[in-house]
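Asks: Sending over run_15.txt (compact mmCIF, C-alpha atoms).
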```txt
# COMPACT_ATOMS: atom_id res chain seq x y z
CA MET A 1 85.67 -222.58 9.99
CA ILE A 2 83.87 -219.21 10.12
CA ALA A 3 84.35 -218.68 6.36
CA GLU A 4 82.88 -222.13 5.65
CA HIS A 5 79.89 -221.34 7.86
CA ASN A 6 79.24 -218.01 6.10
CA ALA A 7 79.41 -219.65 2.66
CA GLU A 8 76.92 -222.34 3.69
CA ARG A 9 74.77 -219.72 5.43
CA ARG A 10 74.19 -217.85 2.16
CA SER A 11 73.12 -221.07 0.47
CA VAL A 12 70.69 -221.91 3.28
CA ILE A 13 69.14 -218.42 3.18
CA ALA A 14 68.61 -218.66 -0.59
CA GLN A 15 66.85 -222.01 -0.15
CA LEU A 16 64.65 -220.60 2.60
CA TRP A 17 63.52 -217.65 0.47
CA TRP A 18 62.69 -219.90 -2.48
CA ARG A 19 60.66 -222.15 -0.19
CA ARG A 20 58.80 -219.16 1.24
CA LEU A 21 58.04 -217.96 -2.29
CA TRP A 22 56.65 -221.31 -3.32
CA ILE A 23 54.61 -221.63 -0.11
CA GLY A 24 53.20 -218.12 -0.41
CA GLY A 25 52.39 -218.48 -4.12
CA GLY A 26 50.91 -221.93 -3.72
CA SER A 27 48.76 -220.88 -0.77
CA ALA A 28 47.47 -217.80 -2.62
CA ALA A 29 46.58 -219.92 -5.67
CA ALA A 30 44.78 -222.45 -3.45
CA VAL A 31 42.77 -219.73 -1.71
CA LEU A 32 41.72 -218.24 -5.06
CA LEU A 33 40.69 -221.68 -6.30
CA CYS A 34 38.60 -222.25 -3.17
CA ALA A 35 36.98 -218.83 -3.56
CA TYR A 36 36.09 -219.67 -7.17
CA ALA A 37 34.52 -222.94 -6.04
CA MET A 38 32.40 -221.29 -3.35
CA ASP A 39 29.62 -220.50 -5.80
CA SER A 40 28.90 -224.19 -6.33
CA LEU A 41 29.21 -225.26 -2.67
CA SER A 42 27.24 -224.59 0.46
CA SER A 43 28.58 -221.86 2.73
CA SER A 44 29.66 -224.35 5.42
CA LEU A 45 31.60 -226.56 2.99
CA ALA A 46 33.20 -223.51 1.38
CA GLY A 47 34.46 -222.31 4.78
CA GLU A 48 35.96 -225.69 5.59
CA LEU A 49 37.57 -225.86 2.17
CA MET A 50 39.11 -222.41 2.67
CA LEU A 51 40.80 -223.61 5.85
CA LEU A 52 42.76 -226.35 4.06
CA PRO A 53 45.26 -224.13 2.20
CA LEU A 54 45.66 -221.89 5.24
CA ALA A 55 46.45 -224.91 7.44
CA GLY A 56 48.89 -226.16 4.82
CA MET A 57 50.65 -222.79 4.74
CA VAL A 58 51.03 -222.74 8.53
CA TRP A 59 52.42 -226.29 8.53
CA ALA A 60 54.90 -225.55 5.72
CA TRP A 61 56.02 -222.32 7.41
CA SER A 62 56.69 -224.18 10.66
CA LYS A 63 58.84 -226.68 8.77
CA ILE A 64 60.94 -223.79 7.46
CA ASN A 65 61.52 -222.54 11.02
CA THR A 66 62.52 -226.07 12.01
CA THR A 67 65.05 -226.08 9.17
CA VAL A 68 66.61 -222.86 10.48
CA TRP A 69 66.78 -224.27 14.02
CA HIS A 70 68.44 -227.49 12.86
CA ARG A 71 70.95 -225.47 10.87
CA LEU A 72 71.92 -223.50 13.98
CA GLU A 73 72.26 -226.71 15.99
CA ARG A 74 74.61 -228.22 13.39
CA THR A 75 76.66 -225.03 13.49
CA GLN A 76 76.98 -225.28 17.28
CA ASP A 77 78.05 -228.92 17.04
CA VAL A 78 80.91 -228.02 14.69
CA LEU A 79 81.85 -224.49 15.71
CA LEU A 80 81.89 -224.69 19.52
CA PRO A 81 84.43 -227.55 19.73
CA ALA A 82 86.64 -225.55 17.35
CA ILE A 83 86.31 -222.35 19.40
CA PHE A 84 86.97 -224.12 22.70
CA GLY A 85 89.67 -226.41 21.36
CA PHE A 86 91.92 -225.52 24.31
CA VAL A 87 89.61 -227.51 26.63
CA ASP A 88 90.80 -231.09 27.12
CA GLY A 89 88.08 -233.69 26.55
CA PHE A 90 85.62 -231.01 25.43
CA ARG A 91 82.08 -232.34 25.02
CA PHE A 92 79.01 -230.38 24.00
CA SER A 93 75.32 -231.17 23.70
CA GLN A 94 72.43 -228.82 22.95
CA ARG A 95 70.07 -230.65 25.29
CA GLY A 96 70.18 -233.50 27.72
CA TRP A 97 70.10 -234.51 31.36
CA PRO A 98 73.34 -233.48 33.11
CA ASP A 99 74.91 -235.43 35.96
CA VAL A 100 74.47 -232.41 38.21
CA ALA A 101 70.67 -232.70 37.96
CA GLY A 102 70.59 -235.47 40.57
CA SER A 103 72.80 -233.45 42.92
CA LEU A 104 70.46 -230.44 42.71
CA THR A 105 67.61 -232.60 43.95
CA ARG A 106 69.62 -234.55 46.54
CA LEU A 107 71.23 -231.46 48.07
CA ASP A 108 67.97 -229.49 47.93
CA LEU A 109 69.67 -226.41 46.52
CA VAL A 110 66.39 -225.23 45.00
CA ALA A 111 62.87 -226.60 44.99
CA PHE A 112 61.68 -227.58 41.50
CA ASP A 113 59.71 -230.23 39.63
CA VAL A 114 60.11 -228.93 36.07
CA ALA A 115 63.58 -228.70 34.51
CA ASP A 116 64.98 -227.71 31.13
CA TYR A 117 68.72 -228.08 30.52
CA GLU A 118 70.52 -226.67 27.46
CA ASP A 119 74.09 -226.24 26.20
CA LEU A 120 75.74 -228.96 28.28
CA ILE A 121 79.53 -228.63 28.30
CA ASP A 122 82.21 -230.52 30.17
CA GLY A 123 85.96 -230.88 30.00
CA THR A 124 89.23 -230.11 31.79
CA VAL A 125 91.41 -226.99 31.74
CA ASP A 126 94.73 -226.74 33.61
CA GLY A 127 93.82 -229.77 35.70
CA VAL A 128 90.39 -228.41 36.70
CA SER A 129 87.56 -230.75 35.71
CA PHE A 130 84.22 -229.03 35.20
CA SER A 131 80.77 -229.40 33.73
CA LEU A 132 78.26 -226.63 33.12
CA CYS A 133 74.85 -226.14 31.59
CA GLU A 134 72.17 -223.52 31.21
CA ALA A 135 69.13 -224.42 33.27
CA ARG A 136 65.55 -223.30 33.77
CA LEU A 137 63.95 -224.77 36.88
CA GLY A 138 60.40 -224.21 38.05
CA ILE A 139 57.43 -225.52 39.97
CA GLN A 140 54.28 -226.42 38.07
CA LYS A 141 51.18 -225.28 39.95
CA SER A 142 48.65 -226.98 37.66
CA SER A 143 48.43 -229.03 34.48
CA LYS A 144 48.61 -225.89 32.35
CA ARG A 145 52.05 -225.17 30.89
CA SER A 146 51.69 -221.47 31.72
CA SER A 147 51.35 -222.32 35.42
CA VAL A 148 55.09 -223.01 35.86
CA VAL A 149 56.57 -220.63 38.45
CA ASN A 150 60.22 -219.86 37.79
CA GLN A 151 62.60 -220.91 40.57
CA PHE A 152 65.92 -220.49 38.81
CA ARG A 153 67.30 -219.44 35.45
CA GLY A 154 70.99 -219.31 34.70
CA LEU A 155 74.15 -221.42 34.73
CA VAL A 156 74.88 -224.47 36.85
CA LEU A 157 78.61 -225.10 37.19
CA LYS A 158 80.06 -228.25 38.77
CA VAL A 159 83.76 -228.44 39.57
CA LYS A 160 85.95 -231.15 41.05
CA LEU A 161 87.50 -229.99 44.33
CA ASP A 162 91.23 -230.22 44.93
CA THR A 163 90.43 -230.98 48.58
CA PRO A 164 87.25 -233.06 49.04
CA PHE A 165 84.75 -231.92 51.67
CA PRO A 166 83.92 -234.62 54.25
CA GLY A 167 80.15 -234.53 53.90
CA TRP A 168 78.01 -231.77 52.41
CA LEU A 169 77.52 -228.05 52.95
CA VAL A 170 74.71 -226.17 51.20
CA ALA A 171 74.29 -222.40 50.88
CA ARG A 172 70.81 -221.80 49.52
CA LYS A 173 68.12 -219.15 49.44
CA LYS A 174 66.53 -218.68 52.86
CA ARG A 175 63.12 -220.35 52.98
CA PHE A 176 60.19 -219.38 55.17
CA GLY A 177 62.41 -216.99 57.11
CA GLY A 178 65.12 -219.62 57.54
CA LEU A 179 65.84 -222.35 60.07
CA LEU A 180 66.76 -219.85 62.77
CA ASP A 181 63.34 -218.21 62.55
CA ALA A 182 61.73 -221.64 62.76
CA ILE A 183 63.66 -222.32 65.95
CA ASP A 184 62.58 -218.94 67.34
CA LYS A 185 58.95 -219.89 66.70
CA GLY A 186 59.60 -223.11 68.58
CA PHE A 187 60.84 -221.05 71.53
CA SER A 188 57.73 -218.89 71.50
CA THR A 189 55.49 -221.92 71.91
CA ALA A 190 57.61 -223.50 74.65
CA ASP A 191 56.97 -223.25 78.38
CA SER A 192 58.56 -219.98 79.61
CA ARG A 193 59.98 -221.78 82.65
CA ASP A 194 62.05 -223.97 80.30
CA LEU A 195 63.58 -220.86 78.71
CA VAL A 196 64.60 -218.95 81.84
CA ALA A 197 68.09 -220.44 81.92
CA LEU A 198 68.54 -220.40 78.14
CA SER A 199 71.82 -218.59 77.37
CA ALA A 200 73.23 -217.39 74.04
CA ASN A 201 75.45 -220.48 73.91
CA ASP A 202 72.44 -222.72 74.44
CA ALA A 203 70.63 -221.02 71.55
CA ARG A 204 73.69 -221.43 69.32
CA ASP A 205 73.93 -225.12 70.21
CA LEU A 206 70.26 -225.62 69.38
CA TRP A 207 70.72 -223.74 66.11
CA GLN A 208 73.69 -225.91 65.14
CA ALA A 209 71.83 -229.05 66.16
CA GLN A 210 69.53 -228.37 63.21
CA GLY A 211 72.53 -228.69 60.88
CA ALA A 212 72.76 -224.94 60.33
CA ILE A 213 75.71 -222.61 60.57
CA LEU A 214 76.03 -218.84 60.26
CA SER A 215 78.45 -217.30 57.76
CA GLY A 216 79.22 -214.28 59.92
CA GLN A 217 78.31 -211.89 57.08
CA ARG A 218 75.07 -210.10 57.94
CA ASP A 219 73.87 -209.61 54.36
CA LEU A 220 74.48 -213.24 53.45
CA ASP A 221 72.89 -214.57 56.62
CA HIS A 222 69.85 -212.45 55.77
CA SER A 223 69.51 -213.88 52.24
CA HIS A 224 70.99 -217.38 52.65
CA GLU A 225 70.80 -220.31 54.99
CA PHE A 226 73.84 -222.55 55.41
CA VAL A 227 73.15 -226.17 56.33
CA THR A 228 75.54 -229.10 56.64
CA ASP A 229 75.96 -232.61 57.95
CA ASN A 230 79.47 -231.87 59.25
CA LEU A 231 79.57 -228.74 61.41
CA ALA A 232 83.25 -229.11 62.29
CA ALA A 233 84.35 -229.28 58.66
CA ALA A 234 81.88 -226.54 57.66
CA ALA A 235 83.32 -224.19 60.29
CA GLY A 236 86.71 -224.48 58.59
CA VAL A 237 85.44 -223.40 55.14
CA ILE A 238 82.41 -221.21 55.89
CA ASP A 239 84.40 -217.95 55.62
CA GLU A 240 85.78 -219.00 52.23
CA VAL A 241 82.36 -220.09 51.00
CA ALA A 242 80.81 -216.81 52.13
CA ARG A 243 83.51 -214.74 50.41
CA THR A 244 83.07 -216.75 47.21
CA ILE A 245 79.31 -216.21 47.19
CA ALA A 246 79.72 -212.50 47.88
CA PHE A 247 82.24 -212.18 45.05
CA LEU A 248 80.07 -214.02 42.53
CA SER A 249 76.97 -212.10 43.59
CA SER A 250 78.53 -208.88 42.32
CA SER A 251 78.40 -210.23 38.74
CA PHE A 252 75.35 -212.51 38.91
CA ASP A 253 72.72 -210.35 40.59
CA ASP A 254 69.48 -211.49 38.88
CA ASP A 255 68.87 -213.66 41.94
CA ILE A 256 70.96 -215.08 44.77
CA VAL A 257 73.97 -217.31 44.10
CA ARG A 258 73.61 -220.83 45.50
CA LEU A 259 76.58 -223.05 46.32
CA ALA A 260 77.10 -226.58 47.60
CA LEU A 261 80.08 -228.71 48.61
CA SER A 262 79.58 -232.46 48.46
CA GLY A 263 82.46 -234.87 48.63
CA ASP A 264 84.87 -234.01 45.81
CA SER A 265 82.40 -231.71 44.04
CA CYS A 266 81.48 -228.05 44.26
CA ILE A 267 78.25 -226.92 42.61
CA VAL A 268 77.38 -223.27 42.09
CA MET A 269 74.15 -221.89 40.61
CA LEU A 270 74.74 -218.55 38.87
CA PRO A 271 71.48 -216.72 38.10
CA SER A 272 71.44 -214.97 34.72
CA ARG A 273 69.04 -214.24 31.86
CA HIS A 274 71.94 -214.04 29.42
CA ASP A 275 72.33 -216.78 26.78
CA PHE A 276 76.04 -217.57 27.09
CA PHE A 277 76.40 -219.79 24.03
CA GLU A 278 74.07 -218.16 21.52
CA LEU A 279 75.47 -217.95 18.00
CA PRO A 280 74.67 -215.01 15.69
CA ASN A 281 71.37 -215.08 13.82
CA ILE A 282 71.61 -217.11 10.62
CA TYR A 283 70.68 -214.01 8.59
CA ARG A 284 73.77 -212.18 9.88
CA GLU A 285 77.30 -212.89 8.82
CA MET A 286 79.40 -214.53 11.52
CA THR A 287 82.68 -212.82 12.42
CA GLU A 288 85.33 -213.29 15.07
CA ALA A 289 84.16 -210.05 16.70
CA LYS A 290 80.69 -211.55 17.25
CA ILE A 291 82.12 -214.74 18.73
CA ARG A 292 84.64 -213.00 20.98
CA PRO A 293 82.09 -212.07 23.72
CA MET A 294 81.06 -215.71 24.02
CA LEU A 295 84.69 -216.76 24.31
CA SER A 296 85.29 -214.06 26.94
CA ASP A 297 82.29 -215.28 28.96
CA PHE A 298 83.59 -218.83 28.79
CA VAL A 299 87.07 -217.84 29.98
CA THR A 300 85.44 -216.01 32.90
CA LEU A 301 83.52 -219.18 33.79
CA LEU A 302 86.77 -221.16 33.70
CA GLU A 303 88.33 -218.66 36.12
CA ILE A 304 85.33 -219.16 38.41
CA ALA A 305 85.79 -222.93 38.11
CA THR A 306 89.43 -222.59 39.18
CA LEU A 307 88.36 -220.45 42.16
CA LEU A 308 85.77 -223.03 43.22
CA SER A 309 88.16 -225.97 42.89
CA ARG A 310 90.41 -224.47 45.58
CA ILE A 311 87.72 -224.11 48.26
CA GLY A 312 88.84 -225.96 51.37
CA ALA A 313 92.51 -226.16 50.41
CA ALA A 314 93.54 -223.50 52.95
CA ALA A 315 91.57 -225.20 55.74
CA GLU A 316 93.29 -228.50 54.94
CA GLN A 317 96.76 -226.95 55.15
CA GLN A 318 96.25 -225.12 58.47
CA PRO A 319 96.22 -228.21 60.74
CA LYS A 320 99.33 -229.55 58.99
CA ALA A 321 101.15 -226.25 59.52
CA ALA A 322 100.15 -226.23 63.20
CA SER A 323 101.37 -229.79 63.77
CA ALA A 324 104.66 -229.00 62.03
CA GLY A 325 105.26 -226.10 64.41
```
What is this structure when it is put down as structure tokens?
Replies:
Amino acid sequence: MIAEHNAERRSVIAQLWWRRLWIGGGSAAAVLLCAYAMDSLSSSLAGELMLLPLAGMVWAWSKINTTVWHRLERTQDVLLPAIFGFVDGFRFSQRGWPDVAGSLTRLDLVAFDVADYEDLIDGTVDGVSFSLCEARLGIQKSSKRSSVVNQFRGLVLKVKLDTPFPGWLVARKKRFGGLLDAIDKGFSTADSRDLVALSANDARDLWQAQGAILSGQRDLDHSHEFVTDNLAAAAGVIDEVARTIAFLSSSFDDDIVRLALSGDSCIVMLPSRHDFFELPNIYREMTEAKIRPMLSDFVTLLEIATLLSRIGAAAEQQPKAASAG
């Protein structure tokens, strides 16, 4: 497969150089012809005439770049399924709208109104069903394209849980100081007489009434807020969720790691500026050594998927062990 790609690559490069030669030569000849005709035309008409070959050159050059891009896309369509042939039901798409997109909005993992999804992959390995994509999410402040404020860039990985979670639990970036700070502000505006008998347990109950739960890890509780619709179930998995986030944060440290449990799905957002599925430049020969890092990254992601699929399994087994005793 790699040898076939390299043979076709040389042919494509030769075609591109011939096209560039013809475009450059034709544009130069057209400019000289326009310059020769300037003597018989008014200055305004001569200027407009000079723009025509330049515009044609820009258009033709852009078509060449499009040809290179399409060539790389065709290579991905053929090469990636061959590289990841060990994945059952492997499917790949350069662009699209992944199923996880709706969950990101519904679970409010990150605030965004502009989304770009690339390199959508899904399949099953060793019984673990997963889907992943590279995502760029942002908020558009005005109609100008440059006004988009980045909210997240990296990988979104969705995994089917071995033990479904009864409800949802979201670990996201703390907003506006977090729910706990919002509750504290509520206390500060309340009548002091109503707060005289407020104990630590009362404060904890009020905090949990907002659907929030603390992880017990100071650093994570400083950067994340954990919210759920099932506090009892969340209490059984919060330690495992916190350890998972802490572990992943050591490798994905461009921003905070976000995680959500929802029914039989676990979604994790891994911030990274690295392009995980980028093939070598078309002007460079492709070798196994250049593909190996991509394969290594993918295997690492599969190991993460296996780790995520087991969240909640220990909590499910503990009550059964207690009843058996």
Asks: Which residue is closest to Val78 of chain A? Choose from A:Asp116, A:Asp229, A:Phe152, A:Ser93 and count only C-alpha atoms.
Replies: A:Ser93
Asks: Excluding Gly154 of chain A and residues on its chain fewer than 3 positions from it, collect all residues at most 12 Å away from it, counting all atoms listed in the file, and give them as number ranges by chain.
Replies: A: 115-119, 132-137, 150-151, 157, 252-258, 268-277
Asks: Listing only residues of segment 117-145 of chain A within 7 Å of segment 160-177 of chain A, what is the closest atom pair and its distance in Å (to one decimal) for each, using all atoms listed in the file, sorted by chain and residue number ascending, as a Markdown table?
Replies:
```
| residue | atom | partner | partner_atom | distance |
| --- | --- | --- | --- | --- |
| A:Val128 | CA | A:Lys160 | CA | 6.8 |
| A:Ser129 | CA | A:Lys160 | CA | 5.6 |
| A:Phe130 | CA | A:Lys160 | CA | 6.5 |
```
Asks: Determine the axis-aligned bounding box of all atoms of segment 240-247 of chain A present in the file, pad each side by 4 Å, and express its centre and edge lengths in Å to one decimal place as JSON.
Replies:
```
{"center_x": 82.5, "center_y": -216.1, "center_z": 48.6, "size_x": 14.5, "size_y": 15.9, "size_z": 15.2}
```
Asks: What does the distance between atom CA of Val110 of chain A and atom CA of Gly138 of chain A come to in Å, to one decimal place?
Replies: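 Straight-line distance from atom CA of Val110 of chain A to atom CA of Gly138 of chain A works out to 9.2 Å.
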Asks: Report, in Å to a single decimal, how far apart atom CA of Thr124 of chain A and atom CA of Gly96 of chain A are.
Replies: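 Computing the Euclidean distance for atom CA of Gly96 of chain A and atom CA of Thr124 of chain A yields 19.8 Å.
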Asks: Could you add all heavy atoms to segment 101-112 of chain A and give me the result as a PDB file, in the coordinates of the input?
Replies:
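The result, written out as selection03.pdb:
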```pdb
ATOM      1  N   ALA A 101      72.108-232.787  37.687  1.00  0.00           N
ATOM      2  CA  ALA A 101      70.670-232.700  37.960  1.00  0.00           C
ATOM      3  C   ALA A 101      70.302-233.487  39.226  1.00  0.00           C
ATOM      4  O   ALA A 101      69.521-233.018  40.059  1.00  0.00           O
ATOM      5  CB  ALA A 101      69.870-233.213  36.765  1.00  0.00           C
ATOM      6  N   GLY A 102      70.881-234.678  39.380  1.00  0.00           N
ATOM      7  CA  GLY A 102      70.590-235.470  40.570  1.00  0.00           C
ATOM      8  C   GLY A 102      71.093-234.809  41.839  1.00  0.00           C
ATOM      9  O   GLY A 102      70.432-234.873  42.882  1.00  0.00           O
ATOM     10  N   SER A 103      72.240-234.129  41.746  1.00  0.00           N
ATOM     11  CA  SER A 103      72.800-233.450  42.920  1.00  0.00           C
ATOM     12  C   SER A 103      71.926-232.269  43.342  1.00  0.00           C
ATOM     13  O   SER A 103      71.793-231.979  44.533  1.00  0.00           O
ATOM     14  CB  SER A 103      74.215-232.963  42.624  1.00  0.00           C
ATOM     15  OG  SER A 103      75.069-234.053  42.324  1.00  0.00           O
ATOM     16  N   LEU A 104      71.333-231.569  42.372  1.00  0.00           N
ATOM     17  CA  LEU A 104      70.460-230.440  42.710  1.00  0.00           C
ATOM     18  C   LEU A 104      69.274-230.904  43.548  1.00  0.00           C
ATOM     19  O   LEU A 104      68.863-230.222  44.491  1.00  0.00           O
ATOM     20  CB  LEU A 104      69.963-229.763  41.428  1.00  0.00           C
ATOM     21  CG  LEU A 104      71.010-229.083  40.547  1.00  0.00           C
ATOM     22  CD1 LEU A 104      70.344-228.447  39.334  1.00  0.00           C
ATOM     23  CD2 LEU A 104      71.786-228.033  41.324  1.00  0.00           C
ATOM     24  N   THR A 105      68.744-232.057  43.187  1.00  0.00           N
ATOM     25  CA  THR A 105      67.610-232.600  43.950  1.00  0.00           C
ATOM     26  C   THR A 105      68.063-233.148  45.295  1.00  0.00           C
ATOM     27  O   THR A 105      67.453-232.884  46.331  1.00  0.00           O
ATOM     28  CB  THR A 105      66.927-233.714  43.133  1.00  0.00           C
ATOM     29  OG1 THR A 105      66.486-233.188  41.881  1.00  0.00           O
ATOM     30  CG2 THR A 105      65.736-234.276  43.895  1.00  0.00           C
ATOM     31  N   ARG A 106      69.152-233.913  45.292  1.00  0.00           N
ATOM     32  CA  ARG A 106      69.620-234.550  46.540  1.00  0.00           C
ATOM     33  C   ARG A 106      70.051-233.528  47.577  1.00  0.00           C
ATOM     34  O   ARG A 106      69.760-233.677  48.769  1.00  0.00           O
ATOM     35  CB  ARG A 106      70.790-235.493  46.214  1.00  0.00           C
ATOM     36  CG  ARG A 106      71.433-236.164  47.419  1.00  0.00           C
ATOM     37  CD  ARG A 106      72.480-237.160  46.987  1.00  0.00           C
ATOM     38  NE  ARG A 106      73.514-236.550  46.168  1.00  0.00           N
ATOM     39  CZ  ARG A 106      74.575-235.909  46.669  1.00  0.00           C
ATOM     40  NH1 ARG A 106      74.730-235.788  47.976  1.00  0.00           N
ATOM     41  NH2 ARG A 106      75.489-235.396  45.864  1.00  0.00           N
ATOM     42  N   LEU A 107      70.741-232.475  47.143  1.00  0.00           N
ATOM     43  CA  LEU A 107      71.230-231.460  48.070  1.00  0.00           C
ATOM     44  C   LEU A 107      70.197-230.390  48.374  1.00  0.00           C
ATOM     45  O   LEU A 107      70.434-229.529  49.231  1.00  0.00           O
ATOM     46  CB  LEU A 107      72.499-230.802  47.490  1.00  0.00           C
ATOM     47  CG  LEU A 107      73.700-231.740  47.317  1.00  0.00           C
ATOM     48  CD1 LEU A 107      74.824-231.036  46.565  1.00  0.00           C
ATOM     49  CD2 LEU A 107      74.197-232.228  48.679  1.00  0.00           C
ATOM     50  N   ASP A 108      69.067-230.426  47.664  1.00  0.00           N
ATOM     51  CA  ASP A 108      67.970-229.490  47.930  1.00  0.00           C
ATOM     52  C   ASP A 108      68.430-228.038  47.802  1.00  0.00           C
ATOM     53  O   ASP A 108      68.097-227.194  48.631  1.00  0.00           O
ATOM     54  CB  ASP A 108      67.387-229.740  49.323  1.00  0.00           C
ATOM     55  CG  ASP A 108      66.003-229.117  49.486  1.00  0.00           C
ATOM     56  OD1 ASP A 108      65.355-228.857  48.454  1.00  0.00           O
ATOM     57  OD2 ASP A 108      65.597-228.892  50.643  1.00  0.00           O
ATOM     58  N   LEU A 109      69.200-227.771  46.749  1.00  0.00           N
ATOM     59  CA  LEU A 109      69.670-226.410  46.520  1.00  0.00           C
ATOM     60  C   LEU A 109      68.526-225.479  46.148  1.00  0.00           C
ATOM     61  O   LEU A 109      68.525-224.302  46.505  1.00  0.00           O
ATOM     62  CB  LEU A 109      70.717-226.399  45.405  1.00  0.00           C
ATOM     63  CG  LEU A 109      72.170-226.577  45.844  1.00  0.00           C
ATOM     64  CD1 LEU A 109      73.048-226.889  44.641  1.00  0.00           C
ATOM     65  CD2 LEU A 109      72.667-225.332  46.546  1.00  0.00           C
ATOM     66  N   VAL A 110      67.554-226.016  45.410  1.00  0.00           N
ATOM     67  CA  VAL A 110      66.390-225.230  45.000  1.00  0.00           C
ATOM     68  C   VAL A 110      65.239-226.200  44.795  1.00  0.00           C
ATOM     69  O   VAL A 110      65.423-227.326  44.352  1.00  0.00           O
ATOM     70  CB  VAL A 110      66.691-224.439  43.700  1.00  0.00           C
ATOM     71  CG1 VAL A 110      67.074-225.374  42.563  1.00  0.00           C
ATOM     72  CG2 VAL A 110      65.519-223.553  43.311  1.00  0.00           C
ATOM     73  N   ALA A 111      64.048-225.751  45.161  1.00  0.00           N
ATOM     74  CA  ALA A 111      62.870-226.600  44.990  1.00  0.00           C
ATOM     75  C   ALA A 111      62.353-226.470  43.559  1.00  0.00           C
ATOM     76  O   ALA A 111      62.138-225.368  43.060  1.00  0.00           O
ATOM     77  CB  ALA A 111      61.777-226.168  45.978  1.00  0.00           C
ATOM     78  N   PHE A 112      62.188-227.609  42.862  1.00  0.00           N
ATOM     79  CA  PHE A 112      61.680-227.580  41.500  1.00  0.00           C
ATOM     80  C   PHE A 112      61.130-228.956  41.129  1.00  0.00           C
ATOM     81  O   PHE A 112      61.530-229.970  41.691  1.00  0.00           O
ATOM     82  CB  PHE A 112      62.772-227.180  40.504  1.00  0.00           C
ATOM     83  CG  PHE A 112      63.876-228.196  40.340  1.00  0.00           C
ATOM     84  CD1 PHE A 112      63.851-229.109  39.297  1.00  0.00           C
ATOM     85  CD2 PHE A 112      64.942-228.249  41.234  1.00  0.00           C
ATOM     86  CE1 PHE A 112      64.864-230.046  39.136  1.00  0.00           C
ATOM     87  CE2 PHE A 112      65.951-229.183  41.082  1.00  0.00           C
ATOM     88  CZ  PHE A 112      65.922-230.081  40.029  1.00  0.00           C
TER      89      PHE A 112
END
```
